[in-house]
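Printed here is coords18.txt (compact mmCIF, C-alpha atoms):
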# COMPACT_ATOMS: atom_id res chain seq x y z
CA MET A 1 87.29 87.02 127.13
CA ALA A 2 87.34 90.21 129.13
CA ARG A 3 84.35 92.55 128.98
CA LEU A 4 85.38 95.93 127.63
CA LEU A 5 83.42 99.02 128.73
CA LEU A 6 84.14 102.14 126.69
CA LEU A 7 82.79 105.40 128.06
CA GLY A 8 82.21 108.95 126.81
CA PRO A 9 84.69 109.98 124.10
CA ALA A 10 86.23 106.46 124.14
CA ARG A 11 82.82 104.98 123.35
CA GLU A 12 82.30 107.47 120.56
CA ALA A 13 85.74 106.88 119.01
CA ALA A 14 85.35 103.09 119.11
CA GLY A 15 81.73 103.18 117.90
CA VAL A 16 80.77 100.68 120.59
CA ARG A 17 80.15 100.81 124.35
CA GLU A 18 80.64 97.16 125.25
CA ASP A 19 82.70 94.47 123.60
CA GLU A 20 84.58 91.25 124.34
CA VAL A 21 88.35 91.08 124.02
CA ALA A 22 90.84 88.24 124.52
CA GLY A 23 94.00 88.66 126.60
CA ASP A 24 95.28 87.68 130.03
CA SER A 25 96.89 91.03 130.88
CA LEU A 26 95.67 94.59 130.58
CA GLU A 27 98.45 95.37 128.10
CA LYS A 28 97.27 92.56 125.78
CA VAL A 29 93.60 93.49 126.07
CA LEU A 30 94.33 97.12 125.23
CA ALA A 31 96.58 96.15 122.30
CA VAL A 32 93.68 94.22 120.80
CA ALA A 33 91.35 97.17 121.39
CA ARG A 34 93.76 99.60 119.73
CA ALA A 35 94.05 97.35 116.68
CA ARG A 36 90.29 96.83 116.53
CA TYR A 37 89.12 100.44 116.89
CA GLY A 38 91.92 102.40 115.20
CA GLU A 39 93.86 105.59 115.73
CA ALA A 40 91.15 107.91 117.05
CA PHE A 41 90.43 105.44 119.83
CA ALA A 42 94.13 104.86 120.52
CA ALA A 43 94.65 108.61 120.93
CA ILE A 44 91.85 108.81 123.51
CA LEU A 45 93.06 105.66 125.26
CA ALA A 46 96.47 107.30 125.69
CA THR A 47 94.87 110.03 127.85
CA SER A 48 92.50 107.68 129.71
CA GLN A 49 92.54 105.82 133.00
CA VAL A 50 91.76 102.12 132.84
CA TRP A 51 89.99 100.19 135.59
CA VAL A 52 89.75 96.43 135.97
CA ASN A 53 86.61 95.51 137.90
CA GLY A 54 86.26 99.08 139.13
CA GLU A 55 89.86 99.43 140.38
CA PRO A 56 92.62 101.47 138.68
CA ALA A 57 94.98 99.09 136.87
CA GLY A 58 98.31 99.18 135.02
CA PRO A 59 99.68 97.37 131.94
CA GLU A 60 100.90 94.38 133.95
CA SER A 61 97.57 93.87 135.71
CA PRO A 62 96.19 90.37 135.09
CA VAL A 63 92.84 90.11 133.34
CA ALA A 64 90.64 87.03 133.79
CA PRO A 65 87.68 85.92 131.70
CA TYR A 66 84.60 88.03 132.51
CA ASP A 67 86.68 90.76 134.15
CA GLU A 68 85.44 94.22 133.26
CA VAL A 69 88.03 96.49 131.64
CA ALA A 70 86.70 100.06 131.66
CA VAL A 71 88.29 102.89 129.66
CA LEU A 72 87.70 106.28 131.32
CA PRO A 73 88.79 109.40 129.41
CA PRO A 74 89.32 112.61 131.41
CA VAL A 75 86.01 113.40 133.10
CA SER A 76 83.72 116.45 132.93
CA GLY A 77 80.90 115.92 135.42
CA GLY A 78 79.21 118.49 137.63
CA MET B 1 63.20 107.08 144.07
CA ALA B 2 62.63 105.65 147.53
CA LEU B 3 63.96 107.75 150.38
CA PRO B 4 66.88 105.96 152.00
CA SER B 5 67.03 105.71 155.78
CA SER B 6 70.84 105.90 155.81
CA PRO B 7 72.31 109.40 156.00
CA THR B 8 73.74 109.21 152.48
CA TRP B 9 71.55 109.48 149.38
CA VAL B 10 73.19 109.21 145.97
CA ALA B 11 71.54 109.01 142.56
CA VAL B 12 72.20 109.35 138.86
CA THR B 13 68.99 109.92 136.97
CA PRO B 14 67.62 111.02 133.60
CA GLU B 15 64.74 112.75 135.43
CA PRO B 16 64.79 116.46 136.38
CA LEU B 17 66.40 117.07 139.78
CA ALA B 18 64.33 118.61 142.56
CA LEU B 19 66.02 120.30 145.50
CA ASP B 20 63.05 120.37 147.90
CA PRO B 21 62.85 116.61 148.59
CA LEU B 22 66.58 116.53 149.31
CA VAL B 23 66.37 119.45 151.74
CA THR B 24 63.38 117.88 153.47
CA TRP B 25 65.27 114.60 153.74
CA ALA B 26 68.45 116.23 155.04
CA THR B 27 66.73 118.42 157.64
CA ARG B 28 66.84 116.81 161.08
CA PRO B 29 66.36 117.90 164.67
CA ASP B 30 70.02 117.66 165.70
CA CYS B 31 71.15 119.84 162.76
CA GLY B 32 70.97 123.63 162.48
CA ALA B 33 72.44 123.85 158.98
CA VAL B 34 71.50 122.51 155.56
CA VAL B 35 73.77 123.73 152.76
CA THR B 36 72.72 123.18 149.16
CA PHE B 37 74.57 123.53 145.88
CA ALA B 38 73.01 123.28 142.45
CA GLY B 39 75.08 123.13 139.27
CA THR B 40 73.01 124.40 136.34
CA VAL B 41 73.31 124.50 132.56
CA ARG B 42 74.98 127.74 131.49
CA ASP B 43 74.29 129.38 128.11
CA HIS B 44 77.97 129.51 127.10
CA SER B 45 81.20 127.62 127.62
CA ALA B 46 84.92 128.06 127.06
CA ASP B 47 84.49 126.68 123.53
CA HIS B 48 81.03 127.90 122.51
CA ASP B 49 79.38 131.32 122.74
CA GLU B 50 75.97 129.70 122.75
CA VAL B 51 75.16 126.50 124.61
CA VAL B 52 71.54 125.26 124.53
CA ALA B 53 71.83 122.00 126.47
CA LEU B 54 74.28 119.57 128.01
CA GLU B 55 74.22 115.81 127.67
CA TYR B 56 75.87 113.56 130.26
CA GLU B 57 77.05 110.01 129.80
CA THR B 58 78.11 107.68 132.61
CA SER B 59 78.36 104.12 133.82
CA GLU B 60 75.68 104.12 136.49
CA PRO B 61 77.16 101.44 138.81
CA HIS B 62 80.60 103.04 138.76
CA ALA B 63 79.16 106.54 139.21
CA LEU B 64 77.02 105.47 142.18
CA ALA B 65 80.00 103.74 143.81
CA ARG B 66 82.13 106.88 143.45
CA LEU B 67 79.34 109.17 144.72
CA GLU B 68 79.10 106.94 147.82
CA GLU B 69 82.86 107.22 148.28
CA VAL B 70 82.71 111.03 148.03
CA ALA B 71 80.00 111.14 150.71
CA GLU B 72 81.99 108.75 152.92
CA GLU B 73 85.12 110.87 152.57
CA ALA B 74 83.19 114.04 153.47
CA ARG B 75 81.92 112.30 156.58
CA ARG B 76 85.44 111.11 157.45
CA ARG B 77 86.86 114.65 157.13
CA TRP B 78 83.92 116.38 158.85
CA PRO B 79 82.57 113.83 161.33
CA ALA B 80 79.81 116.20 162.46
CA VAL B 81 78.16 115.93 159.02
CA ALA B 82 74.81 114.21 159.51
CA ALA B 83 73.43 113.84 155.99
CA VAL B 84 74.87 113.97 152.48
CA ALA B 85 72.87 113.83 149.23
CA LEU B 86 74.62 113.80 145.85
CA HIS B 87 72.38 113.61 142.78
CA HIS B 88 73.56 113.95 139.17
CA ARG B 89 71.53 114.14 135.97
CA VAL B 90 72.40 111.98 132.97
CA GLY B 91 71.17 112.30 129.40
CA ARG B 92 70.14 115.65 127.96
CA VAL B 93 69.74 118.60 130.37
CA GLU B 94 68.21 121.82 129.06
CA LEU B 95 69.39 125.37 129.66
CA GLY B 96 68.65 126.50 133.22
CA GLU B 97 68.02 123.00 134.57
CA ALA B 98 70.13 121.52 137.36
CA THR B 99 72.83 119.06 136.37
CA VAL B 100 73.92 118.23 139.91
CA LEU B 101 72.65 118.76 143.47
CA VAL B 102 74.71 118.62 146.66
CA VAL B 103 72.94 118.79 150.02
CA VAL B 104 74.80 118.56 153.33
CA ALA B 105 73.34 118.82 156.83
CA SER B 106 75.30 119.30 160.05
CA PRO B 107 74.74 120.73 163.54
CA HIS B 108 76.54 123.99 162.63
CA ARG B 109 77.04 125.79 159.33
CA ALA B 110 80.85 125.77 159.03
CA GLU B 111 81.21 122.04 158.44
CA ALA B 112 78.15 121.94 156.18
CA PHE B 113 79.67 124.62 153.90
CA GLU B 114 83.10 122.99 153.93
CA ALA B 115 81.83 119.49 153.32
CA GLY B 116 79.49 120.72 150.59
CA ARG B 117 82.34 122.48 148.81
CA PHE B 118 84.46 119.35 149.13
CA CYS B 119 81.68 117.16 147.71
CA ILE B 120 81.17 119.16 144.49
CA ASP B 121 84.90 119.62 143.92
CA ALA B 122 85.63 115.93 144.56
CA LEU B 123 82.65 114.81 142.45
CA LYS B 124 84.01 116.66 139.44
CA ARG B 125 87.37 114.89 139.65
CA THR B 126 86.39 111.39 140.76
CA VAL B 127 83.01 110.41 139.30
CA PRO B 128 82.90 108.90 135.79
CA LEU B 129 80.76 111.43 133.91
CA TRP B 130 81.25 112.96 130.47
CA LYS B 131 79.54 116.10 129.21
CA ARG B 132 78.62 116.99 125.64
CA GLU B 133 77.78 120.59 124.86
CA HIS B 134 74.90 121.15 122.46
CA PHE B 135 75.01 124.41 120.51
CA PRO B 136 73.19 125.69 117.42
CA GLY B 137 74.23 123.39 114.59
CA GLY B 138 75.90 120.60 116.53
CA SER B 139 77.42 119.17 119.67
CA ALA B 140 80.87 118.30 121.00
CA TRP B 141 82.47 116.87 124.12
CA SER B 142 83.34 119.50 126.69
CA SER B 143 87.03 120.38 126.75
CA ALA B 144 86.81 121.19 130.46
CA THR B 145 88.09 117.78 131.57
CA GLU B 146 90.33 116.38 134.27
CA PRO B 147 91.94 112.96 134.55
CA ILE B 148 89.80 110.84 136.87
CA VAL B 149 91.45 110.33 140.27
CA GLY B 150 90.61 108.40 143.42
CA VAL B 151 88.53 110.09 146.12
CA GLU B 152 91.34 109.68 148.67
CA SER B 153 93.61 111.91 146.55
CA THR B 154 91.19 114.87 146.38
Render the structure in this file as structure tokens.
Amino acid sequence: MARLLLLGPAREAAGVREDEVAGDSLEKVLAVARARYGEAFAAILATSQVWVNGEPAGPESPVAPYDEVAVLPPVSGG
Amino acid sequence: MALPSSPTWVAVTPEPLALDPLVTWATRPDCGAVVTFAGTVRDHSADHDEVVALEYETSEPHALARLEEVAEEARRRWPAVAAVALHHRVGRVELGEATVLVVVASPHRAEAFEAGRFCIDALKRTVPLWKREHFPGGSAWSSATEPIVGVEST
């Protein structure tokens, strides 16, 4: 199981900050997350960057057990 | 917070930010310039005529890693830079309080100004932070957002 980290608006839309999700690729992990958290989350995910273990990743990126998959909506720091 | 001996000092903290300790830390005998920038809570925004507070959310380990990268990149682009401090508040920040502090020291002022400007601009685009605006009667995520990018592309 990958460790999902949902931040800012993604956290709010999903109703949870951390979760565990099965899947051996980023595409599969995110498909599970979309199904689990619904449309509001999916809409935010579509505008977000996704990191695996702190590095930007794409749909084909492999995901191993205990990897951290972080969803980062557009940022607004400063 | 313990003062680091390395010439980079990054922090994300729920405590009020104080500029003086950062300036004291950054000031050194081989430097004739210390440039400081403070971002503060403003009483209005693009979406709300009245803003009473901001509230920042982050992932501390990821934010600290990115702040370190911003400082490193500033040093790479302006090798004369001797000290860089980047501190960001998290949690609720009241009107008039500082949300972010940037302090850069260098032998001469030009590179301190340039590197300081780079640091705040890069921070806003590369560090995982999200801002809620609190206004009378509610709160909402700021609409002033940018897709997060890598420090090397800033």
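Each of B:Phe37, B:Phe135, B:Trp78, B:Trp130 was compared to chain A using all atoms listed in the file, and B:Trp130 turns out to be the nearest.
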Original post:
chain B residues within 8 Å of chain A, counting only C-alpha atoms: which ones, as a PyMOL selection string?
Top reply: chain B and resi 39+56-59+62+88+99-100+120+123-131+141-142+144-148
Could the residues in this selection be written to a file with C-alpha atoms, as a CSV table (one decimal), keeping the file's coordinate frame?
chain,number,residue,atom,x,y,z
B,39,GLY,CA,75.1,123.1,139.3
B,56,TYR,CA,75.9,113.6,130.3
B,57,GLU,CA,77.0,110.0,129.8
B,58,THR,CA,78.1,107.7,132.6
B,59,SER,CA,78.4,104.1,133.8
B,62,HIS,CA,80.6,103.0,138.8
B,88,HIS,CA,73.6,114.0,139.2
B,99,THR,CA,72.8,119.1,136.4
B,100,VAL,CA,73.9,118.2,139.9
B,120,ILE,CA,81.2,119.2,144.5
B,123,LEU,CA,82.6,114.8,142.4
B,124,LYS,CA,84.0,116.7,139.4
B,125,ARG,CA,87.4,114.9,139.6
B,126,THR,CA,86.4,111.4,140.8
B,127,VAL,CA,83.0,110.4,139.3
B,128,PRO,CA,82.9,108.9,135.8
B,129,LEU,CA,80.8,111.4,133.9
B,130,TRP,CA,81.2,113.0,130.5
B,131,LYS,CA,79.5,116.1,129.2
B,141,TRP,CA,82.5,116.9,124.1
B,142,SER,CA,83.3,119.5,126.7
B,144,ALA,CA,86.8,121.2,130.5
B,145,THR,CA,88.1,117.8,131.6
B,146,GLU,CA,90.3,116.4,134.3
B,147,PRO,CA,91.9,113.0,134.6
B,148,ILE,CA,89.8,110.8,136.9
Spatial neighbours of Glu55 in chain B, max dist 8 Å, all atoms listed in the file, sep filter under 5 positions, as a JSON list (two decimals) with C-alpha atoms, in the frame of the given file:
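Saved file part_24.json follows:
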[["chain", "number", "residue", "atom", "x", "y", "z"],
["B", 90, "VAL", "CA", 72.40, 111.98, 132.97],
["B", 91, "GLY", "CA", 71.17, 112.30, 129.40],
["B", 92, "ARG", "CA", 70.14, 115.65, 127.96],
["B", 93, "VAL", "CA", 69.74, 118.60, 130.37],
["B", 131, "LYS", "CA", 79.54, 116.10, 129.21],
["B", 132, "ARG", "CA", 78.62, 116.99, 125.64],
["B", 133, "GLU", "CA", 77.78, 120.59, 124.86],
["B", 134, "HIS", "CA", 74.90, 121.15, 122.46]]
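Between CA of Glu60 in chain A and CA of Asp24 in chain A lies a distance of 9.6 Å.
Put simply, CA of Glu60 in chain B is 25.1 Å away from CA of Ala40 in chain A.
Of the listed residues (B:Ser106, B:Thr27, B:Ser45, B:Thr36), B:Ser45 comes nearest to Ala140 in chain B; the distances count all atoms listed in the file.
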**OP:** Kindly give the distance, in Å, that separates CA of Ala71 in chain B and CA of Asp121 in chain B, rounded to a single decimal.
**Re:** 11.9 Å
Original post:
Could you list as a VMD selection string every residue that has an atom within 9 Å of (94.3, 96.0, 130.8), using the file's coordinates and counting only C-alpha atoms?
Top reply: chain A and resid 23 to 31 50 to 52 57 to 63 69 to 70
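Taking all atoms listed in the file into account, the polymer residues that have an atom no farther than 6 Å from (76.5, 124.9, 128.6) are B:Val41, B:Arg42, B:Asp43, B:His44, B:Ser45, B:Val51, B:Ala53, B:Leu54, B:Glu133.
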Selection from above, C-alpha atoms, as a compact mmCIF listing (two decimals), keeping the file's coordinate frame, can you write it?
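Generated output (again_4.txt):
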# COMPACT_ATOMS: atom_id res chain seq x y z
CA VAL B 41 73.31 124.50 132.56
CA ARG B 42 74.98 127.74 131.49
CA ASP B 43 74.29 129.38 128.11
CA HIS B 44 77.97 129.51 127.10
CA SER B 45 81.20 127.62 127.62
CA VAL B 51 75.16 126.50 124.61
CA ALA B 53 71.83 122.00 126.47
CA LEU B 54 74.28 119.57 128.01
CA GLU B 133 77.78 120.59 124.86
**OP:** Excluding Thr24 in chain B and any residue of its chain fewer than 3 positions from it, enumerate the residues within 12 Å of it, using all atoms listed in the file, and give them as a VMD selection string.
**Re:** chain B and resid 3 18 to 21 27 to 29 34 to 36 83 85 103 to 105
Store the residues picked out above, limited to C-alpha atoms, as a PDB file, in the frame of the given file.
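Once everything was written out, this is part23.pdb:
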ATOM      1  CA  LEU B   3      63.960 107.750 150.380  1.00  0.00           C
ATOM      2  CA  ALA B  18      64.330 118.610 142.560  1.00  0.00           C
ATOM      3  CA  LEU B  19      66.020 120.300 145.500  1.00  0.00           C
ATOM      4  CA  ASP B  20      63.050 120.370 147.900  1.00  0.00           C
ATOM      5  CA  PRO B  21      62.850 116.610 148.590  1.00  0.00           C
ATOM      6  CA  THR B  27      66.730 118.420 157.640  1.00  0.00           C
ATOM      7  CA  ARG B  28      66.840 116.810 161.080  1.00  0.00           C
ATOM      8  CA  PRO B  29      66.360 117.900 164.670  1.00  0.00           C
ATOM      9  CA  VAL B  34      71.500 122.510 155.560  1.00  0.00           C
ATOM     10  CA  VAL B  35      73.770 123.730 152.760  1.00  0.00           C
ATOM     11  CA  THR B  36      72.720 123.180 149.160  1.00  0.00           C
ATOM     12  CA  ALA B  83      73.430 113.840 155.990  1.00  0.00           C
ATOM     13  CA  ALA B  85      72.870 113.830 149.230  1.00  0.00           C
ATOM     14  CA  VAL B 103      72.940 118.790 150.020  1.00  0.00           C
ATOM     15  CA  VAL B 104      74.800 118.560 153.330  1.00  0.00           C
ATOM     16  CA  ALA B 105      73.340 118.820 156.830  1.00  0.00           C
TER      17      ALA B 105
END
